[in-house]
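Enquirer: This is structure-v5.cif, which holds mmCIF, C-alpha atoms:
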```cif
data_work
#
loop_
_atom_site.label_atom_id
_atom_site.label_comp_id
_atom_site.auth_asym_id
_atom_site.auth_seq_id
_atom_site.Cartn_x
_atom_site.Cartn_y
_atom_site.Cartn_z
CA MET A 926 -13.94 -1.73 -32.10
CA GLU A 927 -14.86 -0.12 -28.80
CA GLY A 928 -18.22 -0.02 -27.09
CA THR A 929 -19.47 2.30 -24.36
CA THR A 930 -19.68 1.13 -20.75
CA GLN A 931 -20.16 2.56 -17.29
CA GLY A 932 -19.74 1.05 -13.83
CA ASP A 933 -17.37 -0.09 -11.13
CA PRO A 934 -14.92 -3.03 -11.47
CA VAL A 935 -17.53 -5.56 -10.31
CA ALA A 936 -20.02 -4.24 -12.84
CA MET A 937 -17.34 -4.41 -15.54
CA ALA A 938 -16.69 -8.06 -14.68
CA MET A 939 -20.39 -8.83 -14.99
CA TYR A 940 -20.48 -6.88 -18.23
CA ALA A 941 -17.66 -9.02 -19.62
CA LEU A 942 -19.67 -12.15 -18.78
CA GLY A 943 -22.70 -10.68 -20.49
CA LEU A 944 -20.62 -9.96 -23.57
CA SER A 945 -20.14 -13.72 -24.03
CA VAL A 946 -23.72 -13.82 -25.34
CA LEU A 947 -22.68 -11.52 -28.19
CA GLN A 948 -19.57 -13.58 -28.83
CA ASP A 949 -21.76 -16.62 -29.50
CA VAL A 950 -23.47 -14.66 -32.28
CA ILE A 951 -20.22 -13.43 -33.84
CA SER A 952 -18.15 -16.57 -33.28
CA TYR A 953 -15.41 -17.61 -35.70
CA GLU A 954 -17.52 -20.51 -36.93
CA LYS A 955 -20.18 -18.04 -38.08
CA THR A 956 -18.05 -15.11 -39.23
CA HIS A 957 -14.55 -16.47 -40.03
CA VAL A 958 -13.17 -13.59 -37.93
CA LYS A 959 -10.64 -14.38 -35.21
CA GLN A 960 -11.47 -12.23 -32.23
CA VAL A 961 -10.78 -11.39 -28.61
CA ALA A 962 -12.57 -9.09 -26.17
CA TYR A 963 -11.23 -7.19 -23.19
CA ALA A 964 -14.17 -5.64 -21.33
CA ASP A 965 -15.74 -3.35 -23.96
CA ASP A 966 -12.77 -3.49 -26.36
CA LEU A 967 -13.62 -5.94 -29.12
CA THR A 968 -10.93 -6.87 -31.64
CA GLY A 969 -11.27 -8.97 -34.78
CA ALA A 970 -8.89 -10.13 -37.52
CA GLY A 971 -9.77 -11.49 -40.93
CA LYS A 972 -10.67 -10.57 -44.48
CA ILE A 973 -12.16 -7.11 -45.03
CA THR A 974 -15.46 -8.48 -46.31
CA ASP A 975 -15.77 -10.86 -43.36
CA LEU A 976 -15.00 -8.02 -40.95
CA LYS A 977 -17.73 -5.95 -42.58
CA GLU A 978 -20.32 -8.66 -41.93
CA TRP A 979 -18.91 -9.21 -38.43
CA ARG A 980 -19.34 -5.53 -37.59
CA THR A 981 -22.90 -5.60 -38.93
CA LEU A 982 -23.71 -8.46 -36.56
CA VAL A 983 -22.19 -6.50 -33.66
CA ASN A 984 -24.24 -3.42 -34.54
CA ASP A 985 -27.45 -5.45 -34.84
CA ASN A 986 -27.04 -7.64 -31.74
CA GLY A 987 -24.83 -5.63 -29.40
CA PRO A 988 -27.31 -2.96 -28.24
CA ILE A 989 -29.81 -5.67 -27.26
CA ILE A 990 -27.48 -6.82 -24.46
CA GLY A 991 -26.09 -3.36 -23.65
CA TYR A 992 -23.09 -3.25 -26.00
CA THR A 993 -23.30 -0.11 -28.13
CA PRO A 994 -20.45 0.08 -30.68
CA ASN A 995 -18.74 3.46 -30.93
CA ALA A 996 -17.79 4.01 -34.57
CA THR A 997 -15.54 7.00 -33.76
CA LYS A 998 -13.35 4.70 -31.67
CA SER A 999 -13.40 1.83 -34.16
CA VAL A 1000 -10.36 1.41 -36.43
CA LEU A 1001 -9.83 -0.87 -39.43
CA ILE A 1002 -6.13 -1.59 -40.04
CA VAL A 1003 -5.46 -2.92 -43.53
CA LYS A 1004 -2.49 -3.80 -45.68
CA PRO A 1005 -1.56 -1.00 -48.12
CA GLU A 1006 -2.85 -2.90 -51.15
CA TYR A 1007 -6.31 -3.20 -49.56
CA TYR A 1008 -6.60 0.39 -48.34
CA ASP A 1009 -8.80 1.71 -51.17
CA ASN A 1010 -11.11 -1.28 -50.86
CA GLY A 1011 -11.39 -0.73 -47.11
CA VAL A 1012 -12.21 2.96 -47.54
CA GLN A 1013 -14.90 2.11 -50.07
CA LEU A 1014 -16.49 -0.63 -47.98
CA TYR A 1015 -16.58 1.46 -44.80
CA ASN A 1016 -17.52 4.76 -46.41
CA GLY A 1017 -20.06 6.59 -44.25
CA SER A 1018 -19.75 4.15 -41.35
CA GLY A 1019 -17.66 6.44 -39.15
CA VAL A 1020 -14.97 3.76 -38.85
CA ILE A 1021 -11.40 5.00 -39.24
CA VAL A 1022 -9.53 3.13 -42.00
CA THR A 1023 -5.72 3.16 -41.86
CA LYS A 1024 -2.82 1.37 -43.53
CA ASP A 1025 -0.34 2.61 -40.91
CA GLY A 1026 -1.38 1.37 -37.49
CA GLN A 1027 -3.16 2.14 -34.26
CA ARG A 1028 -2.55 2.14 -30.52
CA HIS A 1029 -4.28 -0.87 -28.96
CA LEU A 1030 -4.64 -1.42 -25.21
CA GLY A 1031 -1.38 0.41 -24.51
CA ALA A 1032 0.58 -1.41 -27.21
CA VAL A 1033 0.52 -0.95 -30.98
CA ILE A 1034 -0.66 -2.79 -34.10
CA GLY A 1035 0.55 -1.81 -37.55
CA THR A 1036 3.60 -1.17 -39.70
CA GLU A 1037 7.19 -0.98 -38.52
CA GLU A 1038 7.17 2.74 -39.28
CA PHE A 1039 4.11 3.30 -37.09
CA LYS A 1040 5.70 1.30 -34.29
CA VAL A 1041 8.86 3.39 -34.46
CA LYS A 1042 6.82 6.60 -34.37
CA TYR A 1043 4.64 5.42 -31.49
CA VAL A 1044 7.51 4.20 -29.32
CA GLY A 1045 9.58 7.27 -30.21
CA GLU A 1046 6.86 9.56 -28.87
CA LYS A 1047 6.67 7.52 -25.68
CA VAL A 1048 10.44 7.62 -25.23
CA SER A 1049 10.52 11.40 -25.73
CA GLU A 1050 7.92 11.78 -23.00
CA TRP A 1051 9.84 9.52 -20.61
CA VAL A 1052 13.14 11.31 -21.30
CA LYS A 1053 11.52 14.60 -20.25
CA GLU A 1054 10.35 12.99 -17.02
CA VAL A 1055 13.84 11.60 -16.34
CA ASP A 1056 15.22 15.10 -16.88
CA VAL A 1057 12.81 16.46 -14.27
CA LEU A 1058 13.97 13.83 -11.77
CA SER A 1059 17.60 14.59 -12.64
CA ASP A 1060 17.08 18.21 -11.59
CA MET A 1061 15.35 17.04 -8.41
CA ALA A 1062 18.17 14.62 -7.64
CA LYS A 1063 20.65 17.50 -7.28
CA THR A 1064 18.93 18.70 -4.11
CA LYS A 1065 16.64 15.81 -3.10
CA PRO A 1066 18.43 12.61 -4.13
CA HIS A 1067 16.44 10.24 -1.94
CA ALA A 1068 13.08 11.56 -3.15
CA ALA A 1069 14.25 11.39 -6.77
CA TYR A 1070 15.56 7.84 -6.30
CA SER A 1071 12.27 6.69 -4.73
CA ALA A 1072 10.23 8.34 -7.48
CA PHE A 1073 12.31 6.63 -10.16
CA THR A 1074 12.48 3.09 -8.73
CA HIS A 1075 8.92 2.92 -7.35
CA GLY A 1076 7.20 4.87 -10.09
CA LEU A 1077 8.83 6.11 -13.26
CA GLN A 1078 10.79 3.05 -14.36
CA HIS A 1079 7.61 0.96 -14.31
CA ARG A 1080 6.02 3.21 -16.93
CA TRP A 1081 7.87 1.50 -19.77
CA SER A 1082 7.43 -2.05 -18.48
CA PHE A 1083 4.20 -2.66 -20.39
CA VAL A 1084 5.64 -1.32 -23.65
CA THR A 1085 8.72 -3.54 -23.43
CA ARG A 1086 6.58 -6.56 -22.66
CA THR A 1087 4.03 -6.09 -25.44
CA ILE A 1088 5.95 -4.53 -28.35
CA PRO A 1089 8.80 -6.61 -29.83
CA GLY A 1090 12.02 -5.34 -31.35
CA ILE A 1091 12.22 -1.94 -29.64
CA ARG A 1092 15.55 -2.25 -27.87
CA LEU A 1093 17.35 0.33 -30.00
CA LEU A 1094 14.37 2.68 -29.80
CA LEU A 1095 14.86 2.82 -26.03
CA ARG A 1096 18.49 3.91 -26.26
CA PRO A 1097 17.72 7.66 -25.83
CA LEU A 1098 15.94 6.79 -22.59
CA GLU A 1099 18.88 4.73 -21.33
CA ASN A 1100 21.26 7.54 -22.32
CA SER A 1101 19.20 10.01 -20.29
CA ILE A 1102 19.24 7.71 -17.25
CA ARG A 1103 22.95 7.04 -17.53
CA ASN A 1104 24.22 10.49 -18.50
CA ALA A 1105 21.81 12.76 -16.63
CA PHE A 1106 19.94 11.01 -13.81
CA LEU A 1107 22.66 8.79 -12.36
CA PRO A 1108 25.41 11.47 -12.31
CA ALA A 1109 23.01 13.86 -10.57
CA LEU A 1110 21.94 11.18 -8.10
CA LEU A 1111 25.44 9.92 -7.29
CA ARG A 1112 27.32 13.22 -7.57
CA SER A 1113 29.48 11.74 -10.30
CA HIS A 1114 30.51 13.18 -13.66
CA THR A 1115 30.64 9.84 -15.49
CA ILE A 1116 29.14 6.38 -15.06
CA GLY A 1117 31.27 3.54 -16.47
CA ASP A 1118 29.91 0.32 -17.96
CA ASN A 1119 30.72 -1.72 -14.86
CA GLU A 1120 29.12 0.84 -12.55
CA ARG A 1121 26.01 0.98 -14.71
CA GLU A 1122 25.65 -2.79 -14.64
CA GLU A 1123 26.08 -2.94 -10.87
CA LEU A 1124 23.43 -0.28 -10.36
CA THR A 1125 20.85 -2.48 -12.14
CA PHE A 1126 21.12 -5.09 -9.37
CA SER A 1127 18.56 -5.01 -6.57
CA PRO A 1128 19.62 -3.41 -3.26
CA ARG A 1129 19.89 -6.81 -1.59
CA LEU A 1130 22.56 -7.70 -4.17
CA GLY A 1131 24.46 -4.47 -3.65
CA GLY A 1132 22.86 -2.44 -6.41
CA MET A 1133 20.17 0.25 -6.57
CA GLY A 1134 17.54 -1.44 -8.74
CA ILE A 1135 17.86 1.19 -11.48
CA THR A 1136 17.24 -1.04 -14.49
CA SER A 1137 18.27 -0.41 -18.08
CA PRO A 1138 15.22 -0.28 -20.38
CA GLU A 1139 17.38 -0.90 -23.44
CA ARG A 1140 19.04 -3.98 -21.97
CA LEU A 1141 15.81 -5.47 -20.60
CA ALA A 1142 13.58 -4.87 -23.64
CA ASP A 1143 14.13 -8.17 -25.48
CA GLU A 1144 14.14 -10.21 -22.26
CA GLU A 1145 10.92 -8.61 -20.99
CA ASN A 1146 9.17 -9.25 -24.31
CA LEU A 1147 10.29 -12.89 -24.41
CA ASN A 1148 9.22 -13.44 -20.80
CA SER A 1149 5.81 -11.96 -21.57
CA ILE A 1150 5.39 -14.25 -24.59
CA ASN A 1151 6.34 -17.31 -22.55
CA LEU A 1152 4.10 -16.41 -19.61
CA THR A 1153 1.05 -15.81 -21.79
CA SER A 1154 1.65 -18.61 -24.31
CA SER A 1155 -1.03 -20.91 -22.88
CA LEU A 1156 -3.62 -18.12 -23.04
CA THR A 1157 -2.50 -17.13 -26.54
CA GLU A 1158 -2.90 -20.72 -27.74
CA LYS A 1159 -6.43 -20.86 -26.33
CA ILE A 1160 -7.39 -17.59 -28.04
CA ILE A 1161 -6.03 -18.78 -31.39
CA ALA A 1162 -7.76 -22.14 -31.00
#
```
Have the structure of the file written as structure tokens, please.
Expert:
Amino acid sequence: MEGTTQGDPVAMAMYALGLSVLQDVISYEKTHVKQVAYADDLTGAGKITDLKEWRTLVNDNGPIIGYTPNATKSVLIVKPEYYDNGVQLYNGSGVIVTKDGQRHLGAVIGTEEFKVKYVGEKVSEWVKEVDVLSDMAKTKPHAAYSAFTHGLQHRWSFVTRTIPGIRLLLRPLENSIRNAFLPALLRSHTIGDNEREELTFSPRLGGMGITSPERLADEENLNSINLTSSLTEKIIA
């Protein structure tokens, strides 16, 4: 569920503090809905009937403190067997009901099929961008290298950290880096396994810092889970 907000970063921080008043009203003890808020993005998990009552409380109490729910940006994700019930309960509310999934804060929540589709679209976009840099590398290798290491390769960092089990889905991206970008950058027709591994090292270790998204995916996700475990435990508790 997403509200509507305006303001600079300081105002957003104050807004988040103000939202704690609403969270007291819709707490788990009162609604049986597990929830977390990030600025004006409010997310809840629980039974469909409990979520219905939870949303009613948000609609009734949110506007009083400046939180106006936006139904067109609110999505109910349900298991397939509860889809018809969800559609019936939320009929006329403006809330989108889906049994597939939904993008959420740059990651994804939903079925395995939806995850594959979502990540696949991202990968296709990144492959096109790698192809553009590959063409640039033929005449401006230094500019292309800087654009890749300081910009482009960080675009998939968040996805690898927040969406588990996507290593194989990133293979087309790694293939594009290995078979198009690196040969254009290094004036080489082929890049062997040993060369590719060496190029992932940082410059101070003799490499170029051109990481492999496929190889790092599982490690990045595990690191993210470990680094945020204390916060995750607090949210669940």
Enquirer: Looking at only C-alpha atoms, which of A:Pro1108, A:Gly1132, A:Gly1090, A:Gly1017 is the one that sits closest to Asp1060 (chain A)?
Expert: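 The shortest atom-to-atom distance to Asp1060 (chain A) comes from A:Pro1108.
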Enquirer: I'd like the residues picked by the PyMOL selection byres ((chain A and resi 1030-1042) around 8) written out as number ranges by chain, using the chain letters and numbers from the file.
Expert: A: 1002, 1024-1029, 1043-1046, 1083-1084, 1087-1088, 1091, 1094
Enquirer: Grab the residues selected above and save them as a JSON list (two decimals), in the frame of the given file with C-alpha atoms.
Expert:
```json
[["chain", "number", "residue", "atom", "x", "y", "z"],
["A", 1002, "ILE", "CA", -6.13, -1.59, -40.04],
["A", 1024, "LYS", "CA", -2.82, 1.37, -43.53],
["A", 1025, "ASP", "CA", -0.34, 2.61, -40.91],
["A", 1026, "GLY", "CA", -1.38, 1.37, -37.49],
["A", 1027, "GLN", "CA", -3.16, 2.14, -34.26],
["A", 1028, "ARG", "CA", -2.55, 2.14, -30.52],
["A", 1029, "HIS", "CA", -4.28, -0.87, -28.96],
["A", 1043, "TYR", "CA", 4.64, 5.42, -31.49],
["A", 1044, "VAL", "CA", 7.51, 4.20, -29.32],
["A", 1045, "GLY", "CA", 9.58, 7.27, -30.21],
["A", 1046, "GLU", "CA", 6.86, 9.56, -28.87],
["A", 1083, "PHE", "CA", 4.20, -2.66, -20.39],
["A", 1084, "VAL", "CA", 5.64, -1.32, -23.65],
["A", 1087, "THR", "CA", 4.03, -6.09, -25.44],
["A", 1088, "ILE", "CA", 5.95, -4.53, -28.35],
["A", 1091, "ILE", "CA", 12.22, -1.94, -29.64],
["A", 1094, "LEU", "CA", 14.37, 2.68, -29.80]]
```
Enquirer: Please report the interatomic distance between CA of Thr997 (chain A) and CA of Gln948 (chain A) in Å with one decimal.
Expert: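 Computed distance, CA of Thr997 (chain A) to CA of Gln948 (chain A), equals 21.5 Å.
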Enquirer: Just to confirm, what's the straight-line distance from CA of Leu942 (chain A) to CA of Val1020 (chain A) in Å (one decimal)?
Expert: 26.0 Å
Enquirer: What do you get, as a PyMOL selection string, if you spell out every residue that the PyMOL selection byres ((chain A and resi 1085) around 12) selects here?
Expert: chain A and resi 1031-1033+1044+1047-1048+1078-1084+1086-1095+1137-1150
Enquirer: Please put the answer as AutoDock Vina command-line options: centre and edge lengths, in Å with one decimal, of a box along x, y and z that encloses all listed atoms of region 940-957 of chain A plus 4 Å on each side.
Expert:
```
--center_x -19.1 --center_y -13.7 --center_z -29.1 --size_x 17.2 --size_y 21.6 --size_z 29.8
```
Enquirer: With distances taken over all atoms listed in the file, which residue among A:Ile989, A:Leu1014, A:Leu944, A:Val1052 lies nearest Asp975 (chain A)?
Expert: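 Ranked by minimum distance to Asp975 (chain A), first place goes to A:Leu1014.
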Enquirer: Which of these residues is nearest to Ser1101 (chain A), using only C-alpha atoms: A:Thr993, A:Ser1059, A:Ser1018, A:Thr1115?
Expert: A:Ser1059
Enquirer: List the spatial neighbours of region 1121-1123 of chain A as a list in words - criterion: any atom at most 9 Å away, all atoms listed in the file, same-chain residues fewer than 2 positions off excluded.
Expert: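 Here the answer would be Arg1103, Leu1107, Ile1116, Gly1117, Asp1118, Asn1119, Thr1125, Phe1126, Ser1127, Leu1130, Gly1131, Gly1132, Met1133, Gly1134, Ile1135, Thr1136 and Ser1137 of chain A.
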Enquirer: Give me region 1040-1060 of chain A with N, CA and C atoms filled in, as a PDB file, in the frame of the given file.
Expert:
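After the write, part-v4.pdb holds the following:
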```pdb
ATOM      1  N   LYS A1040       5.150   1.727 -35.575  1.00  0.00           N
ATOM      2  CA  LYS A1040       5.700   1.300 -34.290  1.00  0.00           C
ATOM      3  C   LYS A1040       6.829   2.211 -33.843  1.00  0.00           C
ATOM      4  N   VAL A1041       7.718   2.514 -34.771  1.00  0.00           N
ATOM      5  CA  VAL A1041       8.860   3.390 -34.460  1.00  0.00           C
ATOM      6  C   VAL A1041       8.355   4.765 -34.012  1.00  0.00           C
ATOM      7  N   LYS A1042       7.372   5.294 -34.715  1.00  0.00           N
ATOM      8  CA  LYS A1042       6.820   6.600 -34.370  1.00  0.00           C
ATOM      9  C   LYS A1042       6.151   6.571 -33.001  1.00  0.00           C
ATOM     10  N   TYR A1043       5.368   5.535 -32.747  1.00  0.00           N
ATOM     11  CA  TYR A1043       4.640   5.420 -31.490  1.00  0.00           C
ATOM     12  C   TYR A1043       5.587   5.309 -30.304  1.00  0.00           C
ATOM     13  N   VAL A1044       6.553   4.389 -30.411  1.00  0.00           N
ATOM     14  CA  VAL A1044       7.510   4.200 -29.320  1.00  0.00           C
ATOM     15  C   VAL A1044       8.384   5.437 -29.157  1.00  0.00           C
ATOM     16  N   GLY A1045       8.759   6.067 -30.272  1.00  0.00           N
ATOM     17  CA  GLY A1045       9.580   7.270 -30.210  1.00  0.00           C
ATOM     18  C   GLY A1045       8.904   8.379 -29.430  1.00  0.00           C
ATOM     19  N   GLU A1046       7.606   8.541 -29.621  1.00  0.00           N
ATOM     20  CA  GLU A1046       6.860   9.560 -28.870  1.00  0.00           C
ATOM     21  C   GLU A1046       6.830   9.228 -27.384  1.00  0.00           C
ATOM     22  N   LYS A1047       6.660   7.950 -27.073  1.00  0.00           N
ATOM     23  CA  LYS A1047       6.670   7.520 -25.680  1.00  0.00           C
ATOM     24  C   LYS A1047       8.029   7.800 -25.028  1.00  0.00           C
ATOM     25  N   VAL A1048       9.085   7.442 -25.746  1.00  0.00           N
ATOM     26  CA  VAL A1048      10.440   7.620 -25.230  1.00  0.00           C
ATOM     27  C   VAL A1048      10.725   9.100 -24.983  1.00  0.00           C
ATOM     28  N   SER A1049      10.308   9.952 -25.895  1.00  0.00           N
ATOM     29  CA  SER A1049      10.520  11.400 -25.730  1.00  0.00           C
ATOM     30  C   SER A1049       9.843  11.908 -24.468  1.00  0.00           C
ATOM     31  N   GLU A1050       8.653  11.400 -24.204  1.00  0.00           N
ATOM     32  CA  GLU A1050       7.920  11.780 -23.000  1.00  0.00           C
ATOM     33  C   GLU A1050       8.656  11.311 -21.750  1.00  0.00           C
ATOM     34  N   TRP A1051       9.141  10.066 -21.778  1.00  0.00           N
ATOM     35  CA  TRP A1051       9.840   9.520 -20.610  1.00  0.00           C
ATOM     36  C   TRP A1051      11.177  10.232 -20.370  1.00  0.00           C
ATOM     37  N   VAL A1052      11.867  10.598 -21.439  1.00  0.00           N
ATOM     38  CA  VAL A1052      13.140  11.310 -21.300  1.00  0.00           C
ATOM     39  C   VAL A1052      12.911  12.645 -20.574  1.00  0.00           C
ATOM     40  N   LYS A1053      11.841  13.334 -20.920  1.00  0.00           N
ATOM     41  CA  LYS A1053      11.520  14.600 -20.250  1.00  0.00           C
ATOM     42  C   LYS A1053      11.281  14.381 -18.757  1.00  0.00           C
ATOM     43  N   GLU A1054      10.626  13.286 -18.424  1.00  0.00           N
ATOM     44  CA  GLU A1054      10.350  12.990 -17.020  1.00  0.00           C
ATOM     45  C   GLU A1054      11.631  12.618 -16.272  1.00  0.00           C
ATOM     46  N   VAL A1055      12.538  11.910 -16.948  1.00  0.00           N
ATOM     47  CA  VAL A1055      13.840  11.600 -16.340  1.00  0.00           C
ATOM     48  C   VAL A1055      14.614  12.888 -16.106  1.00  0.00           C
ATOM     49  N   ASP A1056      14.528  13.819 -17.040  1.00  0.00           N
ATOM     50  CA  ASP A1056      15.220  15.100 -16.880  1.00  0.00           C
ATOM     51  C   ASP A1056      14.701  15.866 -15.674  1.00  0.00           C
ATOM     52  N   VAL A1057      13.391  15.801 -15.441  1.00  0.00           N
ATOM     53  CA  VAL A1057      12.810  16.460 -14.270  1.00  0.00           C
ATOM     54  C   VAL A1057      13.366  15.837 -12.988  1.00  0.00           C
ATOM     55  N   LEU A1058      13.429  14.501 -12.952  1.00  0.00           N
ATOM     56  CA  LEU A1058      13.970  13.830 -11.770  1.00  0.00           C
ATOM     57  C   LEU A1058      15.466  14.100 -11.604  1.00  0.00           C
ATOM     58  N   SER A1059      16.162  14.290 -12.708  1.00  0.00           N
ATOM     59  CA  SER A1059      17.600  14.590 -12.640  1.00  0.00           C
ATOM     60  C   SER A1059      17.819  15.929 -11.948  1.00  0.00           C
ATOM     61  N   ASP A1060      16.976  16.909 -12.258  1.00  0.00           N
ATOM     62  CA  ASP A1060      17.080  18.210 -11.590  1.00  0.00           C
ATOM     63  C   ASP A1060      16.732  18.074 -10.112  1.00  0.00           C
TER      64      ASP A1060
END
```
